[in-house]
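Written below as structure tokens is the structure these notes are about.
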Amino acid sequence: MGNMENKLTVAVTGASGYIASWVVKKLLDHGHVVHGTVRDTENEDKVGHLKKQGVSHDGRLRLFKADLLEGGFEEAFEGCDVVVHMASPFLIGKVSDPENQLLRPALEGTERVLNAVNASASVKHVVLTSSVVSIFNDAIEAAELPDNTFTAEHWNQTSSLDYQPYNYSKMMAEKKAWELCENQDRWKMTVVNPAFVLGPSLSKRSDGASIDFMSQMLRGDFKMGAPLLYYGIVDVRDVAETHVHAIEREHPSGRYISVNEVQSLLEMANTIQSVTENVEYPLPTKKLPTFLLYIFGPLRGFSWNFIKKNVGHKIQFDNAPARNKLGVRFRSIEETYRDMVLQMDRDNII
Ligand SMILES: NC(=O)c1ccc[n+]([C@@H]2O[C@H](COP(=O)([O-])OP(=O)(O)OC[C@H]3O[C@@H](n4cnc5c(N)ncnc54)[C@H](OP(=O)(O)O)[C@@H]3O)[C@@H](O)[C@H]2O)c1
């Protein structure tokens, strides 16, 4: 399978995560050697599925212990051709201390990881997992762009520790990475900016934001009505593919938006319903009136400021560079939802 001629040694930080697990699997399927960093190499709930992948791929996966706030990456990067830096806390809502829960691990972690890259002479390429939230903060920004379309040129300029701190942590980390990249000339960098990632998980964990969101949808948390919010959506397997293509194919250094389609919450619910015909999930069937959103939104973590700048504002993303320069083919959104609901149902995490 894949490109067997040019086998590489690739380090992946945060290898146990939802997206990273797919990147590791695809790299192993393509014949590469993988050095995965995780916070705890003995936590079977987090790394059991990775260890099985290693065994079924001739032991080509090695796990190393490293933490964004403490370091430990040098050993994992020794002898690597490529480093994929994906570890970063993805927390929305439940954040009481944004500086310590989000910004420090994202920003100082990126500095630690790239300093370790600088210290390991073999690394020629860094692939950084950023996000579309590093490109924009509020949907209203799209109103000023041709076809309401965000491109790689755009940067999030309005997030802060107080407003959308996750977005802030990703933007600050990506900026720091470009700065460190420009200070040297041994390694080049490709940044992948995924939109909201959905699709089946390779582990049974339910603590990730993507799985948590789908659980809320299927449990009926939006049954009263869905706010008119639009999300760029992309399949986790296609995001992994974007990273793997960035590793294997010649392409210009830069930012690559990884997104398939934009849907409103209600359109998502309708599509999910259409692919899970045999089960009646309490999905939303109507739009939540905006006045109710202003009353109940703050209780669910939507501030008035967020509502004003996001509800009802259409967005689009330019995925042409990912398709044309990296050769990514995005699968249908129906397949994404169907496979995700099947996996969550099978693993009892709805
Ligand atoms: N899911 C999305 O919709 C989405 C969209 C755009 C970008 N992204 C980005 O994609 C990456 C992976 O996210 P995901 O969705 O796969 O979420 P996830 O499953 O929660 O993965 C986050 C990873 O970061 C690791 N991590 C967190 N804090 C750490 C620390 N202090 N030291 C070392 N590792 C730490 C976690 O390690 P443990 O396994 O030990 O907890 C986990 O492996 C992140 O950079 C995220 O910002 C995600």
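Identifiers for the structure tokens are assigned positionally: chains receive A, B, ... in sequence, residues are indexed from 1 per chain, and ligands are indexed from 1 in the order shown.
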Legend entry - Protein and nucleic acid residues within 8 Å of ligand 1 (only C-alpha atoms and all ligand atoms) as a ChimeraX atom specification: /A:13-21,37-40,46-47,66-70,85-91,105-106,109,129-133,170,193-198,207-210,236
Legend entry - DSSP-assigned strand (DSSP E) members of segment 121-272 of chain A, reported as a PyMOL selection string: chain A and resi 125-129+149-150+188-194+196-198+230-235+254-258+261-264
What does the file look like for those residues with N, CA and C atoms, as a compact mmCIF listing (two decimals), in the first residue's frame?
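The new file result02.txt reads:
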# COMPACT_ATOMS: atom_id res chain seq x y z
N HIS A 125 11.80 18.23 7.76
CA HIS A 125 10.43 18.69 7.47
C HIS A 125 9.59 18.61 8.74
N VAL A 126 8.87 19.70 9.04
CA VAL A 126 7.94 19.72 10.16
C VAL A 126 6.54 19.92 9.59
N VAL A 127 5.60 19.08 10.03
CA VAL A 127 4.20 19.27 9.66
C VAL A 127 3.47 19.64 10.94
N LEU A 128 2.92 20.85 10.98
CA LEU A 128 2.27 21.35 12.20
C LEU A 128 0.76 21.29 12.02
N THR A 129 0.07 20.73 13.02
CA THR A 129 -1.39 20.72 12.99
C THR A 129 -1.89 21.98 13.66
N THR A 149 -15.34 33.62 1.70
CA THR A 149 -14.41 32.49 1.75
C THR A 149 -13.10 32.82 2.46
N PHE A 150 -12.80 32.05 3.50
CA PHE A 150 -11.51 32.18 4.19
C PHE A 150 -10.44 31.42 3.41
N LYS A 188 11.93 22.54 6.45
CA LYS A 188 10.82 23.34 5.93
C LYS A 188 9.56 22.99 6.71
N MET A 189 8.54 23.82 6.61
CA MET A 189 7.33 23.55 7.39
C MET A 189 6.09 23.58 6.51
N THR A 190 5.19 22.62 6.78
CA THR A 190 3.86 22.62 6.19
C THR A 190 2.88 22.72 7.35
N VAL A 191 1.93 23.64 7.26
CA VAL A 191 0.91 23.76 8.31
C VAL A 191 -0.40 23.24 7.75
N VAL A 192 -1.05 22.35 8.51
CA VAL A 192 -2.39 21.87 8.15
C VAL A 192 -3.39 22.58 9.05
N ASN A 193 -4.40 23.21 8.44
CA ASN A 193 -5.42 23.93 9.20
C ASN A 193 -6.77 23.22 9.02
N PRO A 194 -7.06 22.23 9.88
CA PRO A 194 -8.34 21.53 9.71
C PRO A 194 -9.50 22.35 10.27
N PHE A 196 -13.66 21.70 11.62
CA PHE A 196 -14.14 20.81 12.68
C PHE A 196 -14.05 19.35 12.21
N VAL A 197 -13.35 18.54 12.97
CA VAL A 197 -13.04 17.18 12.54
C VAL A 197 -14.05 16.19 13.13
N LEU A 198 -14.68 15.40 12.26
CA LEU A 198 -15.62 14.37 12.71
C LEU A 198 -15.28 13.07 11.99
N TYR A 230 -22.67 27.98 11.56
CA TYR A 230 -22.10 27.20 10.45
C TYR A 230 -20.72 26.66 10.83
N TYR A 231 -20.47 25.42 10.45
CA TYR A 231 -19.17 24.79 10.73
C TYR A 231 -18.58 24.20 9.46
N GLY A 232 -17.29 24.44 9.25
CA GLY A 232 -16.57 23.69 8.23
C GLY A 232 -16.34 22.31 8.81
N ILE A 233 -16.61 21.28 8.03
CA ILE A 233 -16.50 19.92 8.55
C ILE A 233 -15.54 19.11 7.67
N VAL A 234 -14.78 18.25 8.33
CA VAL A 234 -13.85 17.40 7.57
C VAL A 234 -13.72 16.06 8.27
N ASP A 235 -13.58 15.00 7.48
CA ASP A 235 -13.46 13.66 8.03
C ASP A 235 -12.07 13.46 8.62
N GLY A 254 3.79 26.07 3.34
CA GLY A 254 2.70 27.03 3.55
C GLY A 254 1.58 26.43 4.39
N ARG A 255 0.42 27.10 4.36
CA ARG A 255 -0.75 26.67 5.14
C ARG A 255 -1.75 25.98 4.22
N TYR A 256 -2.29 24.86 4.66
CA TYR A 256 -3.25 24.10 3.86
C TYR A 256 -4.54 23.89 4.67
N ILE A 257 -5.62 24.51 4.23
CA ILE A 257 -6.90 24.33 4.91
C ILE A 257 -7.46 22.96 4.56
N SER A 258 -7.79 22.17 5.61
CA SER A 258 -8.33 20.83 5.41
C SER A 258 -9.81 20.85 5.80
N GLU A 261 -16.89 20.31 3.69
CA GLU A 261 -18.12 21.07 3.43
C GLU A 261 -18.44 21.94 4.61
N VAL A 262 -19.23 22.99 4.37
CA VAL A 262 -19.74 23.80 5.48
C VAL A 262 -21.22 23.44 5.67
N GLN A 263 -21.62 23.19 6.91
CA GLN A 263 -23.03 22.92 7.20
C GLN A 263 -23.44 23.69 8.44
N SER A 264 -24.73 24.06 8.50
CA SER A 264 -25.26 24.60 9.74
C SER A 264 -25.55 23.42 10.66
Legend entry - Option closest in space to Asn6 of chain A, from A:Leu228, A:Ala142, A:Glu248, A:Leu27 [counting only C-alpha atoms]: A:Glu248
Legend entry - Coordinates-based distance that separates atom CA of Trp187 of chain A from atom CA of Glu111 of chain A (Å, one decimal): 14.9 Å
Inset, instruction - Check the smallest atom-to-atom distance from each of A:Asp162, A:Glu75, A:Glu42, A:Glu250 to Ser303 of chain A using only C-alpha atoms, then report the winner. - result: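 Checking each candidate against Ser303 of chain A, we get A:Asp162 as the closest.
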Legend entry - Nearest candidate to His30 of chain A (options A:Met344, A:Leu103, A:Val259, A:Leu8; using only C-alpha atoms):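 Using only C-alpha atoms, His30 of chain A sits closest to A:Leu8.
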Inset, instruction - Just the residues within 12 Å of Val311 of chain A, please, counting only C-alpha atoms, with nothing from its chain fewer than 5 positions along; format it as an MDAnalysis selection string. - result: chainID A and resid 138:140 226:231 264:265 287:291 293:294 297 302:306
Inset, instruction - Pick out the closest residue to Val113 of chain A from this set: A:Pro98, A:Thr276, A:Phe77, A:Gly93. Count only C-alpha atoms. - result: A:Phe77
